[in-house]
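Asker: So here's data_36.pdb, just PDB, C-alpha atoms:
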```pdb
ATOM      1  CA  MET L   1     117.526  80.566  97.247
ATOM      2  CA  THR L   2     117.164  82.888  94.285
ATOM      3  CA  THR L   3     119.795  85.571  93.783
ATOM      4  CA  ILE L   4     117.288  88.010  92.295
ATOM      5  CA  PRO L   5     116.714  91.029  94.596
ATOM      6  CA  TRP L   6     113.273  90.709  96.128
ATOM      7  CA  ALA L   7     112.322  94.242  95.056
ATOM      8  CA  GLU L   8     112.730  93.045  91.455
ATOM      9  CA  LYS L   9     111.367  89.553  92.073
ATOM     10  CA  TYR L  10     108.096  90.875  93.504
ATOM     11  CA  ARG L  11     107.812  93.883  91.203
ATOM     12  CA  PRO L  12     104.384  94.190  89.531
ATOM     13  CA  ARG L  13     104.466  92.763  86.011
ATOM     14  CA  THR L  14     100.989  93.778  84.910
ATOM     15  CA  LEU L  15      98.626  96.565  85.933
ATOM     16  CA  LYS L  16      96.457  94.219  88.001
ATOM     17  CA  GLU L  17      99.501  93.437  90.183
ATOM     18  CA  VAL L  18     100.164  97.088  91.117
ATOM     19  CA  ILE L  19      99.670  97.570  94.868
ATOM     20  CA  ASP L  20      96.764  99.859  95.839
ATOM     21  CA  GLN L  21      96.381 102.933  93.505
ATOM     22  CA  LYS L  22      93.054 101.438  92.367
ATOM     23  CA  ASP L  23      91.671 104.463  90.504
ATOM     24  CA  ILE L  24      94.916 105.018  88.605
ATOM     25  CA  VAL L  25      95.246 101.330  87.730
ATOM     26  CA  GLN L  26      91.682 101.154  86.410
ATOM     27  CA  THR L  27      92.212 104.213  84.220
ATOM     28  CA  LEU L  28      95.476 102.809  82.847
ATOM     29  CA  LYS L  29      93.741  99.498  82.110
ATOM     30  CA  ASN L  30      91.132 101.360  80.066
ATOM     31  CA  ILE L  31      93.900 103.237  78.245
ATOM     32  CA  ALA L  32      95.689  99.959  77.454
ATOM     33  CA  GLU L  33      92.486  98.342  76.150
ATOM     34  CA  THR L  34      91.577 101.247  73.867
ATOM     35  CA  ARG L  35      95.218 101.993  72.943
ATOM     36  CA  ALA L  36      94.317 105.676  73.180
ATOM     37  CA  VAL L  37      97.494 106.543  75.084
ATOM     38  CA  PRO L  38      98.250 110.230  75.697
ATOM     39  CA  HIS L  39     101.516 111.578  77.069
ATOM     40  CA  LEU L  40     101.498 110.710  80.778
ATOM     41  CA  LEU L  41     102.942 112.311  83.901
ATOM     42  CA  PHE L  42     103.208 110.113  87.012
ATOM     43  CA  VAL L  43     103.799 112.133  90.195
ATOM     44  CA  GLY L  44     104.207 110.965  93.769
ATOM     45  CA  PRO L  45     106.620 109.911  96.530
ATOM     46  CA  ALA L  46     109.288 107.256  96.023
ATOM     47  CA  GLY L  47     108.391 103.584  96.064
ATOM     48  CA  VAL L  48     104.642 103.813  95.415
ATOM     49  CA  GLY L  49     104.528 102.178  91.971
ATOM     50  CA  LYS L  50     105.086 104.965  89.413
ATOM     51  CA  THR L  51     107.840 103.313  87.356
ATOM     52  CA  ALA L  52     106.349  99.853  87.872
ATOM     53  CA  SER L  53     103.011 101.113  86.519
ATOM     54  CA  ALA L  54     104.734 102.506  83.418
ATOM     55  CA  HIS L  55     106.374  99.137  82.719
ATOM     56  CA  ALA L  56     103.125  97.297  83.453
ATOM     57  CA  LEU L  57     101.236  99.528  81.010
ATOM     58  CA  ALA L  58     103.843  98.809  78.326
ATOM     59  CA  ARG L  59     103.658  95.076  78.984
ATOM     60  CA  ASP L  60      99.867  95.135  78.733
ATOM     61  CA  LEU L  61     100.147  97.040  75.434
ATOM     62  CA  TYR L  62     102.976  95.185  73.701
ATOM     63  CA  GLY L  63     103.365  91.886  75.548
ATOM     64  CA  GLY L  64     106.340  90.440  77.383
ATOM     65  CA  GLY L  65     108.879  91.460  74.732
ATOM     66  CA  TYR L  66     108.098  95.151  74.938
ATOM     67  CA  ILE L  67     111.748  96.084  75.622
ATOM     68  CA  SER L  68     113.581  93.556  73.453
ATOM     69  CA  GLU L  69     111.354  94.356  70.484
ATOM     70  CA  GLY L  70     112.296  98.022  70.666
ATOM     71  CA  MET L  71     108.863  99.360  71.558
ATOM     72  CA  PHE L  72     109.863 100.782  74.936
ATOM     73  CA  VAL L  73     112.957 102.552  76.254
ATOM     74  CA  GLU L  74     113.714 103.906  79.722
ATOM     75  CA  VAL L  75     115.947 106.911  80.323
ATOM     76  CA  ASN L  76     116.899 107.945  83.852
ATOM     77  CA  ALA L  77     116.914 111.720  83.778
ATOM     78  CA  SER L  78     118.950 112.010  86.990
ATOM     79  CA  ASP L  79     121.881 110.346  85.186
ATOM     80  CA  GLU L  80     121.319 111.952  81.786
ATOM     81  CA  ARG L  81     119.723 115.270  82.576
ATOM     82  CA  GLY L  82     121.253 117.589  80.012
ATOM     83  CA  LEU L  83     120.140 119.120  76.754
ATOM     84  CA  GLN L  84     122.398 116.842  74.686
ATOM     85  CA  THR L  85     120.703 113.694  75.985
ATOM     86  CA  VAL L  86     117.258 114.997  75.034
ATOM     87  CA  ARG L  87     118.358 116.153  71.577
ATOM     88  CA  GLU L  88     120.283 113.004  70.720
ATOM     89  CA  LYS L  89     119.153 109.914  72.644
ATOM     90  CA  VAL L  90     115.501 110.827  73.214
ATOM     91  CA  LYS L  91     114.945 112.468  69.831
ATOM     92  CA  MET L  92     116.570 109.571  67.953
ATOM     93  CA  PHE L  93     114.205 107.064  69.545
ATOM     94  CA  ALA L  94     111.162 109.341  69.201
ATOM     95  CA  ARG L  95     111.645 109.964  65.480
ATOM     96  CA  SER L  96     112.140 106.284  64.519
ATOM     97  CA  GLN L  97     109.064 104.803  62.871
ATOM     98  CA  ALA L  98     106.944 102.499  65.039
ATOM     99  CA  PHE L  99     105.616  99.171  63.811
ATOM    100  CA  GLY L 100     103.038  96.644  64.940
ATOM    101  CA  VAL L 101      99.345  96.926  65.740
ATOM    102  CA  VAL L 102      99.782  99.532  68.489
ATOM    103  CA  GLY L 103     101.384 102.024  66.131
ATOM    104  CA  PHE L 104     103.621 103.943  68.536
ATOM    105  CA  ARG L 105     106.572 103.499  70.866
ATOM    106  CA  ILE L 106     106.877 104.635  74.507
ATOM    107  CA  ILE L 107     109.734 106.566  76.120
ATOM    108  CA  LEU L 108     109.844 106.448  79.915
ATOM    109  CA  LEU L 109     111.704 109.397  81.442
ATOM    110  CA  ASP L 110     112.280 108.368  85.042
ATOM    111  CA  GLU L 111     113.072 111.123  87.571
ATOM    112  CA  SER L 112     112.162 113.665  84.903
ATOM    113  CA  ASP L 113     112.019 116.440  87.506
ATOM    114  CA  GLN L 114     115.841 116.281  87.449
ATOM    115  CA  LEU L 115     115.961 117.489  83.833
ATOM    116  CA  THR L 116     117.397 120.973  83.393
ATOM    117  CA  GLU L 117     114.998 123.684  82.249
ATOM    118  CA  ASP L 118     116.685 123.905  78.841
ATOM    119  CA  ALA L 119     116.345 120.134  78.418
ATOM    120  CA  GLN L 120     112.657 120.329  79.356
ATOM    121  CA  HIS L 121     112.003 123.014  76.734
ATOM    122  CA  ALA L 122     113.729 120.854  74.131
ATOM    123  CA  LEU L 123     111.655 117.880  75.269
ATOM    124  CA  ARG L 124     108.436 119.876  74.891
ATOM    125  CA  ARG L 125     109.214 120.472  71.225
ATOM    126  CA  ILE L 126     110.058 116.789  70.636
ATOM    127  CA  MET L 127     106.742 115.770  72.251
ATOM    128  CA  GLU L 128     104.951 117.991  69.718
ATOM    129  CA  GLN L 129     106.915 116.862  66.666
ATOM    130  CA  PHE L 130     106.769 113.109  67.134
ATOM    131  CA  SER L 131     103.497 112.542  68.983
ATOM    132  CA  SER L 132     102.136 110.479  66.079
ATOM    133  CA  ASN L 133     104.608 107.639  66.583
ATOM    134  CA  CYS L 134     105.854 108.084  70.145
ATOM    135  CA  ARG L 135     104.316 108.587  73.582
ATOM    136  CA  PHE L 136     106.137 109.890  76.636
ATOM    137  CA  ILE L 137     105.675 108.763  80.245
ATOM    138  CA  LEU L 138     107.331 111.186  82.660
ATOM    139  CA  VAL L 139     107.899 110.014  86.231
ATOM    140  CA  ALA L 140     108.612 112.625  88.907
ATOM    141  CA  ASN L 141     108.552 113.088  92.650
ATOM    142  CA  TYR L 142     107.746 116.809  92.398
ATOM    143  CA  SER L 143     105.437 118.132  89.699
ATOM    144  CA  ASN L 144     106.386 121.764  90.411
ATOM    145  CA  ARG L 145     109.810 121.024  88.917
ATOM    146  CA  ILE L 146     108.242 120.165  85.572
ATOM    147  CA  ILE L 147     107.678 123.219  83.360
ATOM    148  CA  GLU L 148     104.050 124.136  82.705
ATOM    149  CA  PRO L 149     104.183 123.585  78.892
ATOM    150  CA  ILE L 150     105.074 119.918  79.493
ATOM    151  CA  GLN L 151     102.472 119.456  82.227
ATOM    152  CA  SER L 152      99.772 120.835  79.933
ATOM    153  CA  ARG L 153     100.654 118.214  77.303
ATOM    154  CA  CYS L 154     100.335 115.292  79.707
ATOM    155  CA  ALA L 155      97.563 113.491  81.531
ATOM    156  CA  THR L 156      98.695 113.706  85.144
ATOM    157  CA  PHE L 157      98.299 110.829  87.603
ATOM    158  CA  ARG L 158      99.093 111.543  91.244
ATOM    159  CA  PHE L 159     100.192 108.444  93.149
ATOM    160  CA  ARG L 160      99.544 108.515  96.876
ATOM    161  CA  LEU L 161     101.605 107.084  99.723
ATOM    162  CA  LEU L 162     100.759 103.431 100.301
ATOM    163  CA  PRO L 163      98.859 102.793 103.579
ATOM    164  CA  LYS L 164     100.713 100.935 106.322
ATOM    165  CA  LYS L 165      98.085  98.186 106.484
ATOM    166  CA  ILE L 166      98.454  97.346 102.793
ATOM    167  CA  VAL L 167     102.268  97.427 102.824
ATOM    168  CA  THR L 168     102.614  95.265 105.944
ATOM    169  CA  ARG L 169     100.151  92.738 104.508
ATOM    170  CA  TYR L 170     102.174  92.596 101.286
ATOM    171  CA  LEU L 171     105.410  92.182 103.259
ATOM    172  CA  ALA L 172     103.798  89.373 105.259
ATOM    173  CA  GLU L 173     102.885  87.608 101.987
ATOM    174  CA  ILE L 174     106.488  87.905 100.793
ATOM    175  CA  GLY L 175     107.713  86.618 104.147
ATOM    176  CA  GLU L 176     105.440  83.598 103.874
ATOM    177  CA  LYS L 177     106.709  82.826 100.361
ATOM    178  CA  GLU L 178     110.315  83.133 101.559
ATOM    179  CA  SER L 179     109.707  80.982 104.691
ATOM    180  CA  LEU L 180     110.198  83.837 107.146
ATOM    181  CA  LYS L 181     108.571  84.447 110.513
ATOM    182  CA  ALA L 182     108.220  88.205 110.856
ATOM    183  CA  THR L 183     106.260  89.774 113.704
ATOM    184  CA  GLU L 184     103.629  92.400 112.942
ATOM    185  CA  ALA L 185     105.630  94.910 114.978
ATOM    186  CA  ALA L 186     108.708  94.210 112.833
ATOM    187  CA  LEU L 187     106.790  94.815 109.612
ATOM    188  CA  GLU L 188     105.316  98.043 110.971
ATOM    189  CA  THR L 189     108.804  99.174 112.000
ATOM    190  CA  ILE L 190     110.102  98.480 108.484
ATOM    191  CA  TYR L 191     107.277 100.623 107.090
ATOM    192  CA  ASP L 192     107.939 103.482 109.525
ATOM    193  CA  LEU L 193     111.702 103.527 108.958
ATOM    194  CA  SER L 194     111.234 103.331 105.175
ATOM    195  CA  ASN L 195     108.719 106.216 105.149
ATOM    196  CA  GLY L 196     106.238 104.076 103.212
ATOM    197  CA  ASP L 197     108.640 103.391 100.314
ATOM    198  CA  LEU L 198     107.579  99.871  99.272
ATOM    199  CA  ARG L 199     110.794  99.200  97.358
ATOM    200  CA  LYS L 200     112.847 100.147 100.417
ATOM    201  CA  CYS L 201     110.556  98.047 102.635
ATOM    202  CA  ILE L 202     111.115  94.939 100.508
ATOM    203  CA  ASN L 203     114.883  95.508 100.441
ATOM    204  CA  ALA L 204     114.899  95.891 104.226
ATOM    205  CA  LEU L 205     112.952  92.655 104.648
ATOM    206  CA  GLN L 206     115.418  90.798 102.425
ATOM    207  CA  ALA L 207     118.364  92.245 104.352
ATOM    208  CA  ALA L 208     116.744  91.222 107.646
ATOM    209  CA  SER L 209     116.262  87.683 106.323
ATOM    210  CA  SER L 210     120.035  87.378 105.933
ATOM    211  CA  LEU L 211     120.394  87.787 109.697
ATOM    212  CA  SER L 212     117.522  85.619 110.865
ATOM    213  CA  LYS L 213     114.497  83.720 109.605
ATOM    214  CA  SER L 214     112.661  84.984 112.686
ATOM    215  CA  ILE L 215     112.429  88.752 112.334
ATOM    216  CA  ASP L 216     111.498  91.060 115.189
ATOM    217  CA  GLU L 217     112.001  94.793 115.808
ATOM    218  CA  ASN L 218     115.571  94.340 117.053
ATOM    219  CA  VAL L 219     116.601  92.593 113.837
ATOM    220  CA  VAL L 220     115.013  95.376 111.789
ATOM    221  CA  TYR L 221     116.772  98.128 113.741
ATOM    222  CA  LYS L 222     120.088  96.319 113.395
ATOM    223  CA  VAL L 223     119.872  95.702 109.657
ATOM    224  CA  MET L 224     118.599  99.208 108.865
ATOM    225  CA  SER L 225     121.243 100.800 111.120
ATOM    226  CA  TYR L 226     118.629 102.593 113.176
ATOM    227  CA  VAL L 227     118.941 103.028 116.892
ATOM    228  CA  ASP L 228     116.294 101.450 119.095
ATOM    229  CA  ARG L 229     113.578 103.906 120.120
ATOM    230  CA  GLY L 230     113.969 102.804 123.731
ATOM    231  CA  GLU L 231     117.609 103.920 123.777
ATOM    232  CA  VAL L 232     116.740 107.313 122.329
ATOM    233  CA  GLN L 233     113.851 107.727 124.758
ATOM    234  CA  ARG L 234     116.126 106.900 127.707
ATOM    235  CA  MET L 235     118.754 109.390 126.488
ATOM    236  CA  LEU L 236     116.181 112.174 126.128
ATOM    237  CA  GLU L 237     114.674 111.421 129.553
ATOM    238  CA  LEU L 238     118.130 111.620 131.142
ATOM    239  CA  ALA L 239     118.762 114.955 129.455
ATOM    240  CA  ALA L 240     115.339 116.311 130.429
ATOM    241  CA  SER L 241     115.940 115.360 134.075
ATOM    242  CA  GLY L 242     119.195 117.341 134.061
ATOM    243  CA  ASP L 243     121.566 114.351 134.087
ATOM    244  CA  PHE L 244     123.622 115.570 131.137
ATOM    245  CA  LEU L 245     126.661 113.335 131.740
ATOM    246  CA  LYS L 246     124.612 110.110 131.585
ATOM    247  CA  ALA L 247     122.696 111.380 128.552
ATOM    248  CA  ARG L 248     125.990 112.180 126.811
ATOM    249  CA  GLU L 249     127.350 108.748 127.685
ATOM    250  CA  ALA L 250     124.253 107.160 126.111
ATOM    251  CA  LEU L 251     124.867 109.245 122.989
ATOM    252  CA  ARG L 252     128.523 108.161 122.797
ATOM    253  CA  GLN L 253     127.466 104.529 123.278
ATOM    254  CA  MET L 254     125.259 104.751 120.185
ATOM    255  CA  LEU L 255     127.804 106.692 118.122
ATOM    256  CA  TYR L 256     131.000 104.770 118.869
ATOM    257  CA  TYR L 257     130.087 101.363 120.280
ATOM    258  CA  GLU L 258     126.981 100.598 118.248
ATOM    259  CA  GLY L 259     128.178 102.446 115.143
ATOM    260  CA  VAL L 260     124.948 104.370 114.542
ATOM    261  CA  ALA L 261     125.334 107.381 112.242
ATOM    262  CA  GLY L 262     124.764 110.762 113.851
ATOM    263  CA  ARG L 263     122.106 111.660 111.287
ATOM    264  CA  ASP L 264     120.211 108.460 112.090
ATOM    265  CA  ILE L 265     120.276 109.403 115.781
ATOM    266  CA  LEU L 266     119.040 112.866 114.840
ATOM    267  CA  ASP L 267     116.139 111.382 112.855
ATOM    268  CA  ALA L 268     115.285 109.075 115.762
ATOM    269  CA  ILE L 269     115.308 112.042 118.169
ATOM    270  CA  PHE L 270     112.969 113.945 115.857
ATOM    271  CA  ARG L 271     110.438 111.097 115.876
ATOM    272  CA  GLN L 272     110.762 110.574 119.619
ATOM    273  CA  ILE L 273     110.214 114.226 120.547
ATOM    274  CA  PHE L 274     106.533 113.921 119.648
ATOM    275  CA  ALA L 275     106.151 110.965 122.041
ATOM    276  CA  MET L 276     107.693 112.830 124.991
ATOM    277  CA  LYS L 277     105.389 113.752 127.866
ATOM    278  CA  ILE L 278     106.040 117.468 127.668
ATOM    279  CA  SER L 279     104.004 120.479 126.578
ATOM    280  CA  ASP L 280     103.424 121.206 122.887
ATOM    281  CA  ARG L 281     105.209 124.532 123.355
ATOM    282  CA  ARG L 282     108.307 122.727 124.596
ATOM    283  CA  LYS L 283     108.163 120.246 121.689
ATOM    284  CA  ILE L 284     108.137 123.194 119.282
ATOM    285  CA  LEU L 285     111.254 124.635 120.920
ATOM    286  CA  LEU L 286     113.042 121.277 120.744
ATOM    287  CA  VAL L 287     112.198 120.747 117.082
ATOM    288  CA  ASP L 288     113.411 124.274 116.306
ATOM    289  CA  GLN L 289     116.725 123.595 118.039
ATOM    290  CA  LEU L 290     117.030 120.190 116.380
ATOM    291  CA  GLY L 291     116.635 121.899 113.009
ATOM    292  CA  GLU L 292     119.655 124.075 113.823
ATOM    293  CA  VAL L 293     121.649 120.960 114.732
ATOM    294  CA  ASP L 294     120.624 119.291 111.476
ATOM    295  CA  HIS L 295     121.793 122.319 109.484
ATOM    296  CA  ARG L 296     125.167 122.505 111.244
ATOM    297  CA  ILE L 297     125.841 118.799 110.797
ATOM    298  CA  SER L 298     124.956 119.080 107.095
ATOM    299  CA  GLU L 299     127.525 121.907 106.868
ATOM    300  CA  GLY L 300     130.233 119.622 108.281
ATOM    301  CA  ALA L 301     130.100 120.263 112.035
ATOM    302  CA  SER L 302     130.983 117.495 114.516
ATOM    303  CA  GLU L 303     128.031 115.137 115.083
ATOM    304  CA  GLU L 304     128.986 114.432 118.705
ATOM    305  CA  ILE L 305     129.434 118.083 119.633
ATOM    306  CA  GLN L 306     126.202 119.204 117.975
ATOM    307  CA  LEU L 307     124.082 116.388 119.417
ATOM    308  CA  SER L 308     125.655 116.910 122.855
ATOM    309  CA  ALA L 309     124.822 120.612 122.635
ATOM    310  CA  PHE L 310     121.209 119.685 121.826
ATOM    311  CA  LEU L 311     121.014 117.374 124.859
ATOM    312  CA  ALA L 312     122.407 120.161 127.043
ATOM    313  CA  LYS L 313     119.658 122.526 125.888
ATOM    314  CA  ILE L 314     116.750 120.144 126.595
ATOM    315  CA  PRO L 315     116.318 121.086 130.294
ATOM    316  CA  LEU L 316     116.666 124.770 129.392
ATOM    317  CA  THR L 317     113.585 124.591 127.143
ATOM    318  CA  GLU L 318     111.437 124.149 130.257
ATOM    319  CA  ARG L 319     111.977 127.829 131.034
ATOM    320  CA  GLY L 320     110.942 128.864 127.495
ATOM    321  CA  ALA L 321     107.811 126.730 127.719
TER     322      ALA L 321
END
```
Translate the structure of the given file into C-alpha cells.

Answerer:
Amino acid sequence: MTTIPWAEKYRPRTLKEVIDQKDIVQTLKNIAETRAVPHLLFVGPAGVGKTASAHALARDLYGGGYISEGMFVEVNASDERGLQTVREKVKMFARSQAFGVVGFRIILLDESDQLTEDAQHALRRIMEQFSSNCRFILVANYSNRIIEPIQSRCATFRFRLLPKKIVTRYLAEIGEKESLKATEAALETIYDLSNGDLRKCINALQAASSLSKSIDENVVYKVMSYVDRGEVQRMLELAASGDFLKAREALRQMLYYEGVAGRDILDAIFRQIFAMKISDRRKILLVDQLGEVDHRISEGASEEIQLSAFLAKIPLTERGA
C-alpha cells in the first residue's frame, strides 16, 4: 500500500477536481484561460479547498512544473508572520523578473490572517510595487483579520462549508479505491466529528483503515478518540435523574479507563445537550454552565472536578427552567 498520506494522494490537482465550490471553480477556470489574474483572497473554513484551489490554478496556468520552475512559491504566514519575512522573503520573490508566456509569478500566502498588522501594511506596499510581475493569493479563515487596504486590492472568493452528502460520497469513493467497507453511518460520523473539514475527514478515514478494513461508527470513535454518544447520553440521563454517583462513575470510566480527553467529553456533552428531551429553557441553562466549565478547564482547572460539578448541577437546572 502506498505510504503517501491520503489527504495528499487525493488532493485536487486541477481546478476541475476541486470538490463542490462550483461557482468559484468556474470563475478561476476563466481567469486561468484568459491569464487575467488579479490579486486573490480566498476566505473560508478549514479543509474546504482554498489552498488546493490556489495550487490547482497555478498548475492550470504554468503546467505540472509550476513549483520547480520557480513560478510559484508558498509561504505559511502562521510560521513566518513577522515584518522581516514580508520585507525579505516575500519581497525578494516578488521583485524577481518573471519569464515565460504567462508573464508573472504567484506568491501564495497561506493563513495570511496570522500576519501581524505591520507585516500586512508592508505587504500592501509590495503588492502595489510589483504587481506587474507578481500576483498574490492570500488564504485566510477570517477575512476581518485582513486589513482593509489589502482586501480592496484583491478579488475575494468566499469558500463555503462542504455539504455532508458530497463529503460522504467522496469518502465512499476513496474507500472503494482503497478496498475498504465503510458504513454510511461511519462516514457521516467522520464528517460530524471533523466539522466538515475534508482534509481531516480523509485523514480520519485513513487512520480508521489501519484498525479495520470494515469501518463502522465504533471504529471511527476509537480512532478519533471521541467517546460514543450513547455513553454520554447515558451519563447525562443518570445525572438528570439525580443519580450523581453513577453519572460520576460513568465519567471516570471514560476519563481513566477509556482514556478520553476531558475536552473531548465536554464537546460530546455539548452536542448531546441538544438531543436531550428537556425544555429549550433548560438546554440554555446547561449550555451556559458548560461554557463556564470550558473556560475553567482552559485556565488549567481539573477536568474531573469541573465535569463532575457540571453533572451535579444538571438536576438543579430543572428548578431554573

Asker: Can you pull out every residue within 12 Å of Thr27 in chain L, counting all atoms listed in the file, but drop anything in the same chain fewer than 6 positions away, and send it as a list in words?

Answerer: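 Within the cut-off, the hits are Leu15, Lys16, Gln21, Glu33, Thr34, Arg35, Ala36, Val37, Leu40, Ser53, Leu57, Ala155, Thr156 and Phe157 of chain L.
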
Asker: Starting from the shown file, work through the PyMOL selection byres ((chain L and resi 196-209) around 7) and note down what comes out as a list in words.

Answerer: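 Selected by the PyMOL selection byres ((chain L and resi 196-209) around 7) in this file: Trp6, Ala7, Ala46, Gly47, Val48, Leu161, Leu162, Val167, Leu171, Ile190, Tyr191, Asp192, Ser194, Asn195, Ser210, Leu211, Ser212, Lys213, Ile215, Val219, Val220, Val223 and Met224 of chain L.
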
Asker: Report the residues retrieved by the PyMOL selection byres ((chain L and resi 114) around 6) from the displayed file, expressed as a PyMOL selection string.

Answerer: chain L and resi 77-78+111-113+115

Asker: In Å to one decimal, how far is CA of Gln289 in chain L from CA of Glu231 in chain L?

Answerer: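 Those two atoms sit 20.5 Å apart.
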
Asker: Separation of CA of Gln120 in chain L and CA of Leu138 in chain L, in Å?

Answerer: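 Between CA of Gln120 in chain L and CA of Leu138 in chain L the gap works out to 11.1 Å.
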
Asker: From (111.4, 87.6, 116.0), in the file's coordinates, out to 7 Å: which residues are reached, counting only C-alpha atoms? Answer as a PyMOL selection string.

Answerer: chain L and resi 181-183+214-216

Asker: Using the chain letters and numbering of this document, enumerate as a list of chain:residue names the residues selected by the PyMOL selection byres ((chain L and resi 225) around 8).

Answerer: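 Applying the PyMOL selection byres ((chain L and resi 225) around 8) to the structure shown produces L:Tyr221, L:Lys222, L:Val223, L:Met224, L:Tyr226, L:Val227, L:Val260, L:Ala261, L:Asp264.
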
Asker: As a list in words, please: the residues near Glu249 in chain L (cut-off 12 Å, all atoms listed in the file, same-chain neighbours under 4 positions excluded).

Answerer: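 Skipping anything fewer than 4 positions along the chain leaves Glu231, Val232, Arg234, Met235, Leu236, Leu238, Ala239, Asp243, Phe244, Leu245, Gln253, Met254, Leu255, Tyr256, Tyr257, Glu304, Leu307, Ser308 and Leu311 of chain L.
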
Asker: Give me the residues near Ile150 in chain L as a PDB file with C-alpha atoms, keeping the file's coordinate frame, where near means some atom within 6 Å (using only C-alpha atoms) and where sequence neighbours in that chain fewer than 3 positions away do not count.

Answerer:
```pdb
ATOM      1  CA  ARG L 124     108.436 119.876  74.891  1.00  0.00           C
ATOM      2  CA  ILE L 147     107.678 123.219  83.360  1.00  0.00           C
ATOM      3  CA  ARG L 153     100.654 118.214  77.303  1.00  0.00           C
TER       4      ARG L 153
END
```

Asker: Just need the box for range 223-240 of chain L, edges along x, y and z, holding every atom the file lists for it with 5 Å tacked onto each side, so centre and edge lengths in Å to one decimal, as lines of an AutoDock Vina configuration file.

Answerer:
```
center_x = 117.4
center_y = 106.0
center_z = 120.0
size_x = 17.7
size_y = 30.6
size_z = 32.3
```

Asker: Which residue is closest to Ala32 in chain L? Choose from L:Leu61, L:Leu123, L:Cys134, L:Ile19 and count only C-alpha atoms.

Answerer: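 Smallest separation from Ala32 in chain L among the options: L:Leu61.
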
Asker: Quote the spacing between CA of Glu258 in chain L and CA of Asn218 in chain L in Å to one decimal place.

Answerer: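 Separation between CA of Glu258 in chain L and CA of Asn218 in chain L: 13.1 Å.
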